[in-house]
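Source file: input.tsv (TSV, C-alpha atoms and all ligand atoms)
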```
chain	number	residue	atom	x	y	z
A	1	MET	CA	-118.06	36.11	223.08
A	2	ALA	CA	-114.97	36.73	225.21
A	3	LEU	CA	-115.68	38.06	228.67
A	4	ASN	CA	-114.31	41.30	230.04
A	5	VAL	CA	-113.65	40.68	233.72
A	6	LYS	CA	-112.46	42.75	236.69
A	7	GLY	CA	-110.15	41.31	239.32
A	8	TYR	CA	-106.94	41.79	241.27
A	9	ALA	CA	-103.59	40.79	239.80
A	10	ALA	CA	-99.90	40.60	240.62
A	11	PHE	CA	-97.67	42.18	237.97
A	12	ALA	CA	-94.36	41.04	239.48
A	13	ALA	CA	-93.07	38.83	242.30
A	14	LYS	CA	-93.55	40.27	245.79
A	15	GLU	CA	-95.39	43.34	244.51
A	16	ASP	CA	-98.83	44.23	245.86
A	17	LEU	CA	-101.87	42.94	243.97
A	18	VAL	CA	-103.69	45.75	242.15
A	19	PRO	CA	-107.06	46.12	240.38
A	20	HIS	CA	-106.91	44.71	236.85
A	21	SER	CA	-109.36	44.21	233.97
A	22	PHE	CA	-108.72	41.33	231.61
A	23	ILE	CA	-110.28	39.12	228.92
A	24	ARG	CA	-111.27	35.55	229.67
A	25	ARG	CA	-111.45	32.91	226.98
A	26	ASP	CA	-114.65	32.41	224.98
A	27	PRO	CA	-117.02	29.93	226.64
A	28	ARG	CA	-117.36	26.69	224.65
A	29	ASP	CA	-120.36	24.34	224.42
A	30	ASN	CA	-119.34	22.28	227.47
A	31	ASP	CA	-118.48	25.30	229.65
A	32	VAL	CA	-120.33	27.07	232.41
A	33	VAL	CA	-119.80	30.71	233.28
A	34	ILE	CA	-119.75	31.30	237.03
A	35	GLU	CA	-120.27	34.61	238.84
A	36	ILE	CA	-117.78	34.37	241.73
A	37	LEU	CA	-119.28	35.05	245.16
A	38	TYR	CA	-116.42	33.94	247.44
A	39	SER	CA	-112.76	33.19	246.87
A	40	GLY	CA	-110.56	31.53	249.52
A	41	VAL	CA	-106.96	32.65	250.02
A	42	CYS	CA	-104.43	29.80	249.92
A	43	HIS	CA	-100.73	29.96	250.75
A	44	SER	CA	-100.18	28.62	247.21
A	45	ASP	CA	-101.48	31.98	245.94
A	46	ILE	CA	-98.55	33.62	247.72
A	47	HIS	CA	-96.00	31.00	246.54
A	48	SER	CA	-97.24	31.31	242.92
A	49	SER	CA	-97.33	35.09	242.87
A	50	PHE	CA	-93.92	35.38	244.60
A	51	ASN	CA	-92.55	32.91	242.01
A	52	ASP	CA	-91.32	30.59	244.79
A	53	TRP	CA	-91.82	27.62	242.45
A	54	GLY	CA	-90.62	29.30	239.20
A	55	GLY	CA	-92.78	29.63	236.08
A	56	ALA	CA	-94.82	32.64	237.23
A	57	LYS	CA	-96.72	34.36	234.41
A	58	TYR	CA	-97.79	37.96	234.99
A	59	PRO	CA	-100.23	39.53	235.24
A	60	MET	CA	-101.38	36.73	237.56
A	61	VAL	CA	-104.88	36.66	239.03
A	62	PRO	CA	-104.63	34.14	241.91
A	63	GLY	CA	-107.43	32.22	243.65
A	64	HIS	CA	-108.40	28.54	243.47
A	65	GLU	CA	-111.03	28.17	246.17
A	66	ILE	CA	-113.98	29.48	244.22
A	67	ILE	CA	-117.68	29.41	245.08
A	68	GLY	CA	-120.19	31.08	242.83
A	69	ARG	CA	-123.43	30.92	240.93
A	70	VAL	CA	-123.81	29.62	237.39
A	71	ILE	CA	-124.91	32.48	235.14
A	72	GLN	CA	-124.54	30.87	231.71
A	73	VAL	CA	-124.34	27.31	230.37
A	74	GLY	CA	-123.09	26.08	226.99
A	75	LYS	CA	-125.45	24.03	224.85
A	76	ALA	CA	-123.69	20.72	225.64
A	77	VAL	CA	-123.77	21.27	229.43
A	78	SER	CA	-125.91	18.64	231.17
A	79	GLN	CA	-125.06	18.81	234.90
A	80	PHE	CA	-125.62	22.50	235.68
A	81	ARG	CA	-128.37	25.04	235.23
A	82	VAL	CA	-128.34	28.80	235.50
A	83	GLY	CA	-128.73	29.67	239.20
A	84	ASP	CA	-126.95	26.57	240.58
A	85	TYR	CA	-124.22	27.05	243.18
A	86	ALA	CA	-120.90	25.80	241.90
A	87	GLY	CA	-117.34	25.31	243.12
A	88	VAL	CA	-114.00	25.37	241.32
A	89	GLY	CA	-110.71	24.26	242.86
A	90	CYS	CA	-107.10	24.18	241.70
A	91	MET	CA	-107.58	22.67	238.24
A	92	VAL	CA	-109.90	23.51	235.35
A	93	ASP	CA	-108.99	20.78	232.86
A	94	SER	CA	-106.83	17.71	232.14
A	95	CYS	CA	-106.34	15.39	229.14
A	96	GLN	CA	-109.32	13.28	230.35
A	97	ARG	CA	-107.96	10.25	228.44
A	98	CYS	CA	-104.88	8.92	230.28
A	99	THR	CA	-105.09	6.07	232.79
A	100	HIS	CA	-104.93	8.46	235.72
A	101	CYS	CA	-107.72	10.69	234.38
A	102	GLU	CA	-109.80	7.59	233.68
A	103	GLN	CA	-109.43	6.58	237.33
A	104	GLY	CA	-110.64	10.00	238.47
A	105	LEU	CA	-107.10	11.08	239.37
A	106	GLU	CA	-107.06	14.15	237.13
A	107	GLN	CA	-104.63	15.82	239.54
A	108	TYR	CA	-102.05	13.25	238.38
A	109	CYS	CA	-102.94	13.58	234.65
A	110	GLU	CA	-100.04	12.17	232.63
A	111	GLU	CA	-100.06	15.28	230.42
A	112	GLY	CA	-100.38	17.54	233.47
A	113	HIS	CA	-103.63	19.14	234.59
A	114	THR	CA	-104.51	22.73	233.66
A	115	LEU	CA	-104.20	25.02	236.66
A	116	THR	CA	-107.01	27.42	237.52
A	117	TYR	CA	-104.51	30.29	237.20
A	118	ASN	CA	-100.96	30.82	235.97
A	119	ASP	CA	-101.53	28.37	233.13
A	120	VAL	CA	-102.96	28.31	229.58
A	121	ASP	CA	-106.12	26.75	228.20
A	122	ARG	CA	-105.45	23.45	226.38
A	123	TYR	CA	-107.48	24.47	223.29
A	124	ASP	CA	-107.28	28.20	222.60
A	125	HIS	CA	-104.09	28.79	224.64
A	126	MET	CA	-105.61	31.79	226.41
A	127	PRO	CA	-104.15	32.40	229.89
A	128	THR	CA	-106.06	31.03	232.88
A	129	TYR	CA	-106.92	33.48	235.66
A	130	GLY	CA	-108.16	32.59	239.12
A	131	GLY	CA	-110.84	33.47	241.60
A	132	TYR	CA	-109.80	36.95	242.77
A	133	SER	CA	-112.16	38.15	240.02
A	134	GLU	CA	-115.81	38.58	239.00
A	135	LYS	CA	-116.39	35.57	236.76
A	136	ILE	CA	-114.75	32.38	235.52
A	137	VAL	CA	-115.31	30.05	232.54
A	138	VAL	CA	-114.86	26.32	233.26
A	139	ASN	CA	-115.59	23.01	231.57
A	140	GLU	CA	-118.51	21.54	233.54
A	141	LYS	CA	-116.50	18.36	234.25
A	142	PHE	CA	-114.25	20.42	236.53
A	143	VAL	CA	-117.08	22.13	238.37
A	144	ILE	CA	-118.30	20.85	241.75
A	145	LYS	CA	-121.96	20.96	242.79
A	146	ILE	CA	-122.44	22.91	246.00
A	147	PRO	CA	-125.54	21.92	247.98
A	148	GLU	CA	-128.02	24.73	248.74
A	149	ASN	CA	-127.74	24.19	252.50
A	150	MET	CA	-124.00	24.89	252.74
A	151	ASP	CA	-122.66	28.13	254.16
A	152	LEU	CA	-121.06	29.33	250.94
A	153	LYS	CA	-118.24	31.46	252.34
A	154	SER	CA	-117.08	28.70	254.70
A	155	ALA	CA	-117.36	26.10	251.95
A	156	ALA	CA	-114.92	27.91	249.62
A	157	PRO	CA	-111.75	26.60	251.37
A	158	LEU	CA	-112.94	23.02	250.92
A	159	LEU	CA	-112.06	23.37	247.22
A	160	CYS	CA	-108.32	23.40	248.00
A	161	ALA	CA	-107.45	23.23	251.72
A	162	GLY	CA	-110.23	20.67	252.21
A	163	ILE	CA	-109.55	18.34	249.29
A	164	THR	CA	-105.76	18.50	249.76
A	165	THR	CA	-106.10	17.07	253.26
A	166	TRP	CA	-109.10	14.81	252.52
A	167	SER	CA	-107.34	12.97	249.69
A	168	PRO	CA	-104.47	11.61	251.86
A	169	LEU	CA	-106.88	10.83	254.71
A	170	ARG	CA	-108.88	8.68	252.30
A	171	HIS	CA	-105.90	7.22	250.46
A	172	TRP	CA	-104.37	6.02	253.75
A	173	ASN	CA	-107.77	4.72	254.94
A	174	VAL	CA	-108.11	6.88	258.02
A	175	GLY	CA	-111.02	5.85	260.23
A	176	ARG	CA	-112.03	5.14	263.81
A	177	GLU	CA	-108.94	3.14	264.71
A	178	SER	CA	-106.48	5.68	263.27
A	179	LYS	CA	-104.11	8.02	265.02
A	180	VAL	CA	-103.43	11.06	262.84
A	181	ALA	CA	-101.09	13.99	263.43
A	182	VAL	CA	-101.14	17.30	261.58
A	183	VAL	CA	-98.10	19.57	261.28
A	184	GLY	CA	-98.91	23.32	261.19
A	185	LEU	CA	-102.19	24.99	262.08
A	186	GLY	CA	-103.06	27.17	259.10
A	187	GLY	CA	-105.64	26.77	256.35
A	188	LEU	CA	-104.76	23.19	255.41
A	189	GLY	CA	-103.93	22.20	258.98
A	190	HIS	CA	-107.27	23.28	260.42
A	191	MET	CA	-109.16	21.38	257.70
A	192	ALA	CA	-106.98	18.30	258.29
A	193	ILE	CA	-107.91	18.32	261.99
A	194	LYS	CA	-111.63	18.75	261.30
A	195	LEU	CA	-111.77	16.10	258.58
A	196	ALA	CA	-109.66	13.50	260.42
A	197	LYS	CA	-111.84	14.00	263.48
A	198	ALA	CA	-115.02	13.70	261.40
A	199	LEU	CA	-113.68	10.38	260.04
A	200	GLY	CA	-113.37	9.16	263.63
A	201	ALA	CA	-109.58	9.41	264.10
A	202	GLU	CA	-107.72	10.50	267.22
A	203	VAL	CA	-105.94	13.71	266.20
A	204	THR	CA	-102.76	15.43	267.42
A	205	LEU	CA	-101.49	18.83	266.31
A	206	PHE	CA	-97.77	19.55	265.96
A	207	SER	CA	-97.25	23.31	266.06
A	208	ARG	CA	-94.56	25.90	266.71
A	209	SER	CA	-97.13	28.23	268.22
A	210	PRO	CA	-98.15	27.63	271.89
A	211	GLY	CA	-100.96	30.19	271.46
A	212	LYS	CA	-102.82	27.85	269.09
A	213	GLU	CA	-103.48	25.06	271.63
A	214	ALA	CA	-107.00	26.09	272.63
A	215	ASP	CA	-108.04	26.52	268.99
A	216	ALA	CA	-106.53	23.17	268.03
A	217	ARG	CA	-108.51	21.42	270.75
A	218	HIS	CA	-111.67	23.29	269.77
A	219	LEU	CA	-111.18	22.20	266.14
A	220	GLY	CA	-110.99	18.55	267.23
A	221	ALA	CA	-107.39	17.79	268.21
A	222	GLY	CA	-107.24	15.64	271.34
A	223	HIS	CA	-103.53	16.36	271.83
A	224	PHE	CA	-101.24	19.33	271.20
A	225	VAL	CA	-97.47	19.01	270.86
A	226	ILE	CA	-94.93	21.82	270.51
A	227	SER	CA	-92.75	20.47	267.72
A	228	THR	CA	-89.61	22.27	268.93
A	229	ASP	CA	-89.85	20.71	272.43
A	230	GLU	CA	-87.79	17.50	272.34
A	231	LYS	CA	-89.35	16.07	275.50
A	232	GLN	CA	-92.89	16.56	274.20
A	233	MET	CA	-91.86	14.95	270.92
A	234	GLN	CA	-90.38	11.90	272.68
A	235	GLU	CA	-93.64	11.39	274.55
A	236	VAL	CA	-95.41	10.70	271.24
A	237	TYR	CA	-92.85	8.33	269.66
A	238	ASN	CA	-94.23	5.34	267.67
A	239	GLN	CA	-97.82	6.56	267.64
A	240	PHE	CA	-99.11	7.90	264.35
A	241	ASP	CA	-100.48	5.98	261.38
A	242	LEU	CA	-100.50	9.15	259.30
A	243	ILE	CA	-98.87	12.55	259.68
A	244	ILE	CA	-100.09	15.29	257.32
A	245	ASP	CA	-97.35	17.92	257.06
A	246	THR	CA	-98.72	21.28	255.83
A	247	VAL	CA	-95.70	23.51	256.52
A	248	PRO	CA	-95.08	25.78	253.49
A	249	TYR	CA	-91.31	26.20	253.87
A	250	VAL	CA	-88.28	23.94	254.16
A	251	HIS	CA	-88.05	22.36	257.61
A	252	ASP	CA	-86.43	19.39	259.33
A	253	LEU	CA	-88.54	16.23	258.98
A	254	ASN	CA	-86.22	14.11	261.16
A	255	PRO	CA	-87.93	14.96	264.48
A	256	TYR	CA	-91.30	13.72	263.18
A	257	ILE	CA	-90.25	10.30	261.81
A	258	PRO	CA	-89.84	8.58	265.21
A	259	THR	CA	-93.41	9.61	266.08
A	260	LEU	CA	-94.73	7.39	263.25
A	261	ALA	CA	-96.03	3.95	264.19
A	262	LEU	CA	-94.81	0.80	262.43
A	263	ASN	CA	-96.01	1.13	258.78
A	264	GLY	CA	-96.85	4.80	259.42
A	265	THR	CA	-96.58	7.45	256.70
A	266	LEU	CA	-95.65	11.11	256.82
A	267	VAL	CA	-97.29	12.75	253.81
A	268	LEU	CA	-96.00	16.10	252.65
A	269	VAL	CA	-98.62	18.43	251.20
A	270	GLY	CA	-97.00	21.79	251.98
A	271	TYR	CA	-93.36	22.36	251.11
A	272	LEU	CA	-92.26	21.68	247.52
A	273	GLY	CA	-88.51	21.31	246.96
A	274	ASP	CA	-85.28	19.82	248.30
A	275	LEU	CA	-85.39	18.61	251.87
A	276	ASN	CA	-82.90	20.27	254.18
A	277	PRO	CA	-81.45	18.97	256.44
A	278	MET	CA	-81.27	15.57	254.77
A	279	LEU	CA	-83.51	12.79	255.95
A	280	ASN	CA	-81.96	9.99	258.05
A	281	SER	CA	-83.09	6.68	256.56
A	282	ALA	CA	-82.42	4.62	259.72
A	283	PRO	CA	-85.78	5.18	261.48
A	284	LEU	CA	-87.57	4.65	258.14
A	285	ILE	CA	-85.84	1.32	257.53
A	286	LEU	CA	-85.93	0.07	261.10
A	287	GLY	CA	-89.61	0.89	261.55
A	288	ARG	CA	-90.96	0.28	258.02
A	289	LYS	CA	-92.04	3.93	257.87
A	290	SER	CA	-92.70	6.01	254.75
A	291	VAL	CA	-92.40	9.59	253.61
A	292	ALA	CA	-94.82	10.44	250.81
A	293	GLY	CA	-96.40	13.39	249.00
A	294	SER	CA	-99.87	14.23	247.71
A	295	VAL	CA	-101.40	16.95	245.55
A	296	ILE	CA	-105.03	18.18	245.81
A	297	GLY	CA	-107.59	15.50	244.80
A	298	GLY	CA	-109.64	14.35	241.80
A	299	ILE	CA	-112.99	15.82	240.77
A	300	THR	CA	-115.09	12.85	241.95
A	301	GLU	CA	-113.19	12.84	245.23
A	302	THR	CA	-113.78	16.58	245.63
A	303	GLN	CA	-117.51	16.08	245.11
A	304	GLU	CA	-117.37	13.24	247.69
A	305	LEU	CA	-115.71	15.65	250.14
A	306	ILE	CA	-118.32	18.37	249.57
A	307	ASP	CA	-121.15	15.89	250.08
A	308	PHE	CA	-119.46	14.50	253.23
A	309	CYS	CA	-119.02	18.04	254.59
A	310	ALA	CA	-122.64	18.96	253.82
A	311	LYS	CA	-123.81	15.82	255.62
A	312	HIS	CA	-121.52	16.18	258.64
A	313	GLN	CA	-121.68	19.99	258.74
A	314	VAL	CA	-117.95	20.47	258.35
A	315	THR	CA	-116.74	23.75	256.86
A	316	ALA	CA	-113.74	26.04	257.29
A	317	ASP	CA	-113.34	28.67	260.00
A	318	VAL	CA	-113.06	31.80	257.92
A	319	GLU	CA	-112.24	35.47	258.23
A	320	LEU	CA	-114.19	37.30	255.54
A	321	ILE	CA	-112.28	40.15	253.88
A	322	LYS	CA	-112.78	42.68	251.11
A	323	ILE	CA	-110.63	42.34	248.01
A	324	GLN	CA	-109.12	45.74	248.86
A	325	ASP	CA	-107.57	44.10	251.97
A	326	ILE	CA	-105.88	41.25	250.12
A	327	ASN	CA	-102.31	42.55	250.47
A	328	SER	CA	-102.53	42.93	254.25
A	329	ALA	CA	-104.19	39.49	254.45
A	330	TRP	CA	-101.21	37.96	252.63
A	331	GLN	CA	-98.82	39.72	255.04
A	332	ARG	CA	-100.76	38.26	257.96
A	333	MET	CA	-100.61	34.77	256.43
A	334	LEU	CA	-96.85	35.08	256.13
A	335	LYS	CA	-96.80	35.61	259.91
A	336	SER	CA	-99.13	32.59	260.50
A	337	ASP	CA	-101.76	35.07	261.72
A	338	VAL	CA	-105.04	33.82	260.29
A	339	LYS	CA	-107.93	31.99	261.92
A	340	TYR	CA	-107.90	29.88	259.83
A	341	ARG	CA	-108.66	30.88	256.26
A	342	PHE	CA	-109.18	34.27	254.67
A	343	VAL	CA	-112.08	34.30	252.23
A	344	ILE	CA	-112.71	37.26	249.94
A	345	ASP	CA	-116.27	38.49	249.64
A	346	MET	CA	-116.15	39.17	245.90
A	347	SER	CA	-119.07	41.61	246.05
A	348	SER	CA	-116.42	44.04	247.40
A	349	LEU	CA	-115.01	44.27	243.84
A	350	LYS	CA	-118.02	46.41	242.94
A	351	ALA	CA	-117.25	48.90	245.76
B	401	LIG	P1	-101.01	28.70	255.96
B	401	LIG	O1	-102.45	28.94	256.20
B	401	LIG	O2	-100.08	29.86	255.84
B	401	LIG	O3	-100.51	27.71	257.15
B	401	LIG	C1	-99.21	27.18	257.24
B	401	LIG	C2	-98.90	26.82	258.70
B	401	LIG	O4	-97.62	26.18	258.71
B	401	LIG	C3	-98.75	28.02	259.62
B	401	LIG	O5	-99.97	28.43	260.17
B	401	LIG	C4	-97.79	27.51	260.69
B	401	LIG	O6	-98.48	26.75	261.67
B	401	LIG	C5	-96.91	26.55	259.91
B	401	LIG	N1	-95.64	27.20	259.46
B	401	LIG	C6	-95.52	28.30	258.69
B	401	LIG	N2	-94.22	28.57	258.44
B	401	LIG	C7	-93.52	27.60	259.05
B	401	LIG	C8	-92.13	27.32	259.16
B	401	LIG	N3	-91.21	28.10	258.57
B	401	LIG	N4	-91.76	26.25	259.88
B	401	LIG	C9	-92.68	25.48	260.50
B	401	LIG	N5	-94.02	25.71	260.43
B	401	LIG	C10	-94.42	26.75	259.72
B	401	LIG	O7	-100.78	27.84	254.63
B	401	LIG	P2	-101.82	26.87	253.86
B	401	LIG	O8	-102.68	27.67	252.96
B	401	LIG	O9	-102.38	25.94	254.84
B	401	LIG	O10	-100.80	26.10	252.89
B	401	LIG	C11	-99.80	25.26	253.43
B	401	LIG	C12	-98.90	24.75	252.34
B	401	LIG	O11	-99.61	23.80	251.55
B	401	LIG	C13	-98.41	25.81	251.34
B	401	LIG	O12	-97.06	25.54	251.02
B	401	LIG	C14	-99.28	25.59	250.12
B	401	LIG	O13	-98.65	26.00	248.93
B	401	LIG	C15	-99.41	24.10	250.17
B	401	LIG	N6	-100.55	23.54	249.43
B	401	LIG	C16	-100.37	22.33	248.84
B	401	LIG	C17	-101.41	21.72	248.18
B	401	LIG	C18	-101.23	20.37	247.60
B	401	LIG	O14	-102.04	19.98	246.74
B	401	LIG	N7	-100.25	19.58	248.01
B	401	LIG	C19	-102.64	22.38	248.10
B	401	LIG	C20	-102.80	23.59	248.73
B	401	LIG	C21	-101.75	24.16	249.41
B	401	LIG	P3	-98.04	26.75	263.23
B	401	LIG	O15	-98.11	28.19	263.68
B	401	LIG	O16	-99.08	25.89	263.85
B	401	LIG	O17	-96.68	26.14	263.33
B	402	ZN	ZN	-104.55	26.06	247.46
```
What is this file in structure tokens?
Ligand code: NAP
Ligand code: ZN
Amino acid sequence: MALNVKGYAAFAAKEDLVPHSFIRRDPRDNDVVIEILYSGVCHSDIHSSFNDWGGAKYPMVPGHEIIGRVIQVGKAVSQFRVGDYAGVGCMVDSCQRCTHCEQGLEQYCEEGHTLTYNDVDRYDHMPTYGGYSEKIVVNEKFVIKIPENMDLKSAAPLLCAGITTWSPLRHWNVGRESKVAVVGLGGLGHMAIKLAKALGAEVTLFSRSPGKEADARHLGAGHFVISTDEKQMQEVYNQFDLIIDTVPYVHDLNPYIPTLALNGTLVLVGYLGDLNPMLNSAPLILGRKSVAGSVIGGITETQELIDFCAKHQVTADVELIKIQDINSAWQRMLKSDVKYRFVIDMSSLKA
């Protein structure tokens, strides 16, 4: 039986989200149905809804940091029971056969993974809709187990902001000897600081905002650098093994490259598109430095992150909002005014 679901949707780029009722696809035998309790608010929700990346399909129900409770399981489901806490991130399916999927790298599926929203189901071609809603239907393979002892609202951002920063930290083997820098203190940036610190690294924040220094230090950054201050930048030349750049808009990467150590890598996770101004290759060549990119993380890796966070008591710093406040929350995010992730209490949908 198809599900009739309430949520909030965008009907056009840059228009306010409004209440919207819609039909979700019929659950299949390997699906769970999740009642959504909390939904994190990612800058990608704004980019997608504003059609910054092209390909927007309206009405669009954003949200890919979902925590909820399983309320129904298909007859082939083996890993979840009704009542379990469950998480869903940015993808809800992939081909599950290609070499990347077989390695647990579903985010790099050769056929392309199925996005949690603004996409279509691989089988019945029904639209996918995200977490700013009451319920979601997901193949159990793309559902993350959330331990009972986690604070659910603060765990929601781990499903995107957390895994997107965890995956490069793990890929580039960050540990006790590492020096890591993070560019931008927003949702992804604050998780990057916490996770790098929890892995034992020495962490520096690059920010445009002097007012964020105390918070950065409180989150675990040992050093704070104003990225527009040339002298401060020069003081940290040749230091970092990994820089995680979370800035959502085009910006000059050239000032950051000299701060990489020999063999260091700057990994872009924020801005998607042409670099401007162009990148000077000289410091890359002369210092064997790299510029790379990374998208979210695989399902096994996401479960590893959740288990690590449960063990080390790492969660996001969240501002809980009602769904009715989503448009003003987005406006605040556009001004970098959030400490450090909005999370929607989905019970407000019933109000
Ligand atoms: P956010 O909470 O809005 O934080 C972005 C931070 O970047 C801001 O707090 C600000 O920090 C800095 N910033 C903003 N505009 C800037 C500009 N024009 N120039 C320089 N710095 C600027 O955003 P988020 O949710 O963390 O998302 C960050 C980006 O990651 C978005 O583009 C999102 O789409 C992307 N994303 C990618 C993936 C992936 O898989 N690769 C996953 C999720 C999100 P300061 O005030 O400290 O400078
Ligand atoms: Zn996201």
Please give me, as a PDB file with C-alpha atoms, keeping the file's coordinate frame, the residues lying within 6 Å of ligand LIG 401 (chain B) when counting all atoms listed in the file.
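Generated file (result_36.pdb):
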```pdb
ATOM      1  CA  CYS A  42    -104.430  29.800 249.920  1.00  0.00           C
ATOM      2  CA  HIS A  43    -100.730  29.960 250.750  1.00  0.00           C
ATOM      3  CA  SER A  44    -100.180  28.620 247.210  1.00  0.00           C
ATOM      4  CA  CYS A 160    -108.320  23.400 248.000  1.00  0.00           C
ATOM      5  CA  ALA A 161    -107.450  23.230 251.720  1.00  0.00           C
ATOM      6  CA  THR A 164    -105.760  18.500 249.760  1.00  0.00           C
ATOM      7  CA  GLY A 184     -98.910  23.320 261.190  1.00  0.00           C
ATOM      8  CA  LEU A 185    -102.190  24.990 262.080  1.00  0.00           C
ATOM      9  CA  GLY A 186    -103.060  27.170 259.100  1.00  0.00           C
ATOM     10  CA  GLY A 187    -105.640  26.770 256.350  1.00  0.00           C
ATOM     11  CA  LEU A 188    -104.760  23.190 255.410  1.00  0.00           C
ATOM     12  CA  GLY A 189    -103.930  22.200 258.980  1.00  0.00           C
ATOM     13  CA  SER A 207     -97.250  23.310 266.060  1.00  0.00           C
ATOM     14  CA  ARG A 208     -94.560  25.900 266.710  1.00  0.00           C
ATOM     15  CA  SER A 209     -97.130  28.230 268.220  1.00  0.00           C
ATOM     16  CA  THR A 246     -98.720  21.280 255.830  1.00  0.00           C
ATOM     17  CA  VAL A 247     -95.700  23.510 256.520  1.00  0.00           C
ATOM     18  CA  PRO A 248     -95.080  25.780 253.490  1.00  0.00           C
ATOM     19  CA  TYR A 249     -91.310  26.200 253.870  1.00  0.00           C
ATOM     20  CA  HIS A 251     -88.050  22.360 257.610  1.00  0.00           C
ATOM     21  CA  VAL A 269     -98.620  18.430 251.200  1.00  0.00           C
ATOM     22  CA  GLY A 270     -97.000  21.790 251.980  1.00  0.00           C
ATOM     23  CA  TYR A 271     -93.360  22.360 251.110  1.00  0.00           C
ATOM     24  CA  SER A 294     -99.870  14.230 247.710  1.00  0.00           C
ATOM     25  CA  VAL A 295    -101.400  16.950 245.550  1.00  0.00           C
ATOM     26  CA  ILE A 296    -105.030  18.180 245.810  1.00  0.00           C
ATOM     27  CA  MET A 333    -100.610  34.770 256.430  1.00  0.00           C
ATOM     28  CA  SER A 336     -99.130  32.590 260.500  1.00  0.00           C
TER      29      SER A 336
END
```
Practice task
Do a neighbour search on Lys75 (chain A) at 12 Å with all atoms listed in the file, toss out local chain neighbours closer than 3 positions, and write the hits as a count of residues only.
Solution key: 13
Exercise for the section: To one decimal in Å, tell me the separation between CA of Phe11 (chain A) and CA of Tyr58 (chain A). Expected result: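 CA of Tyr58 (chain A) lies 5.2 Å from CA of Phe11 (chain A).
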Exercise for the section: List the neighbours of region 123-138 of chain A out to 8 Å using only C-alpha atoms; skip same-chain residues closer than 2 positions along the sequence, and give me the result as number ranges by chain. Expected result: A: 5-9, 24-27, 31-37, 39, 60-66, 92, 115-121, 140, 142-143, 323, 344, 346, 349
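Across A:Phe224, A:Tyr85, A:Phe308, A:Phe50, the tightest approach to Leu152 (chain A) is made by A:Tyr85 when counting only C-alpha atoms.
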Handout entry: Exercise: Leu286 (chain A) partners within 10 Å, all atoms listed in the file, chain neighbours under 4 positions left out, as a ChimeraX atom specification
Key = /A:262,281-282
Go ahead and write the selection's residues with C-alpha atoms as a short mmCIF file (atom, residue, chain, number, x, y, z; two decimals), in the coordinates of the input.
```cif
data_model
loop_
_atom_site.label_atom_id
_atom_site.label_comp_id
_atom_site.auth_asym_id
_atom_site.auth_seq_id
_atom_site.Cartn_x
_atom_site.Cartn_y
_atom_site.Cartn_z
CA LEU A 262 -94.81 0.80 262.43
CA SER A 281 -83.09 6.68 256.56
CA ALA A 282 -82.42 4.62 259.72
#
```
Exercise for the section: Name the closest residue to Leu17 (chain A) among the candidates A:Asp84, A:Asp325, A:Glu213, A:Asp337; distances are taken between atoms, counting all atoms listed in the file. Expected result: A:Asp325
Exercise for the section: Point out the residue among A:Ser48, A:Gln324, A:Ser94, A:Asn254 with the least atom-to-atom distance to Pro283 (chain A), counting only C-alpha atoms. Expected result: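 Counting only C-alpha atoms, the residue closest to Pro283 (chain A) is A:Asn254.
Between CA of Ala13 (chain A) and CA of Ala329 (chain A) the separation is 16.5 Å.
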Problem - Nearest residue to ligand ZN 402 (chain B) from the set A:His47, A:Arg176, A:His312, A:Arg332 (distances using all atoms listed in the file) - result: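 Distance minimum relative to ligand ZN 402 (chain B) lands on A:His47.
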Handout entry: Shell around Cys109 (chain A) at 12 Å using only C-alpha atoms, local window under 5 positions removed, as a list in words
Key = Met91, Asp93, Ser94, Cys95, Gln96, Arg97, Cys98, Thr99, His100, Cys101, Glu102, Gln103, Gly104, Thr114, Leu115, Val295, Gly297, Gly298 and Ile299 of chain A
Exercise for the section: Starting from the point (-93.7, 0.8, 261.2), work out which residues of protein, DNA or RNA have an atom no more than 10 Å away when counting all atoms listed in the file; state them as a list in words. Expected result: Asn238, Gln239, Phe240, Asp241, Pro258, Leu260, Ala261, Leu262, Asn263, Gly264, Thr265, Pro283, Leu284, Ile285, Leu286, Gly287, Arg288, Lys289 and Ser290 of chain A
Practice task
Excluding Asn173 (chain A) and any residue of its chain fewer than 3 positions from it, enumerate the residues within 12 Å of it, using all atoms listed in the file, and give them as a ChimeraX atom specification.
Solution key: /A:166-170,176-180,196,199-201,241-242,264-265
Problem - Which residue of A:Val236, A:Leu195, A:Val88, A:Val73 approaches ligand ZN 402 (chain B) most closely, using all atoms listed in the file - result: A:Val88
Could you give me the axis-aligned bounding box of region 129-140 of chain A, with 4 Å of padding per side, as centre plus edge lengths in Å to one decimal, as lines of an AutoDock Vina configuration file?
```
center_x = -112.7
center_y = 30.1
center_z = 237.2
size_x = 19.6
size_y = 25.0
size_z = 19.2
```
Practice task
For each of A:Asp307, A:Ala156, A:Glu15, A:Ala2, take the minimum atom-to-atom distance to Trp330 (chain A), counting all atoms listed in the file, then give the residue where this is smallest.
Solution key: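 Between A:Asp307, A:Ala156, A:Glu15, A:Ala2, the residue approaching Trp330 (chain A) most closely is A:Glu15.
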Problem - For CA of Lys212 (chain A) and CA of Lys339 (chain A), the interatomic separation in Å (one decimal) - result: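 So the two atoms, CA of Lys212 (chain A) and CA of Lys339 (chain A), lie 9.7 Å apart.
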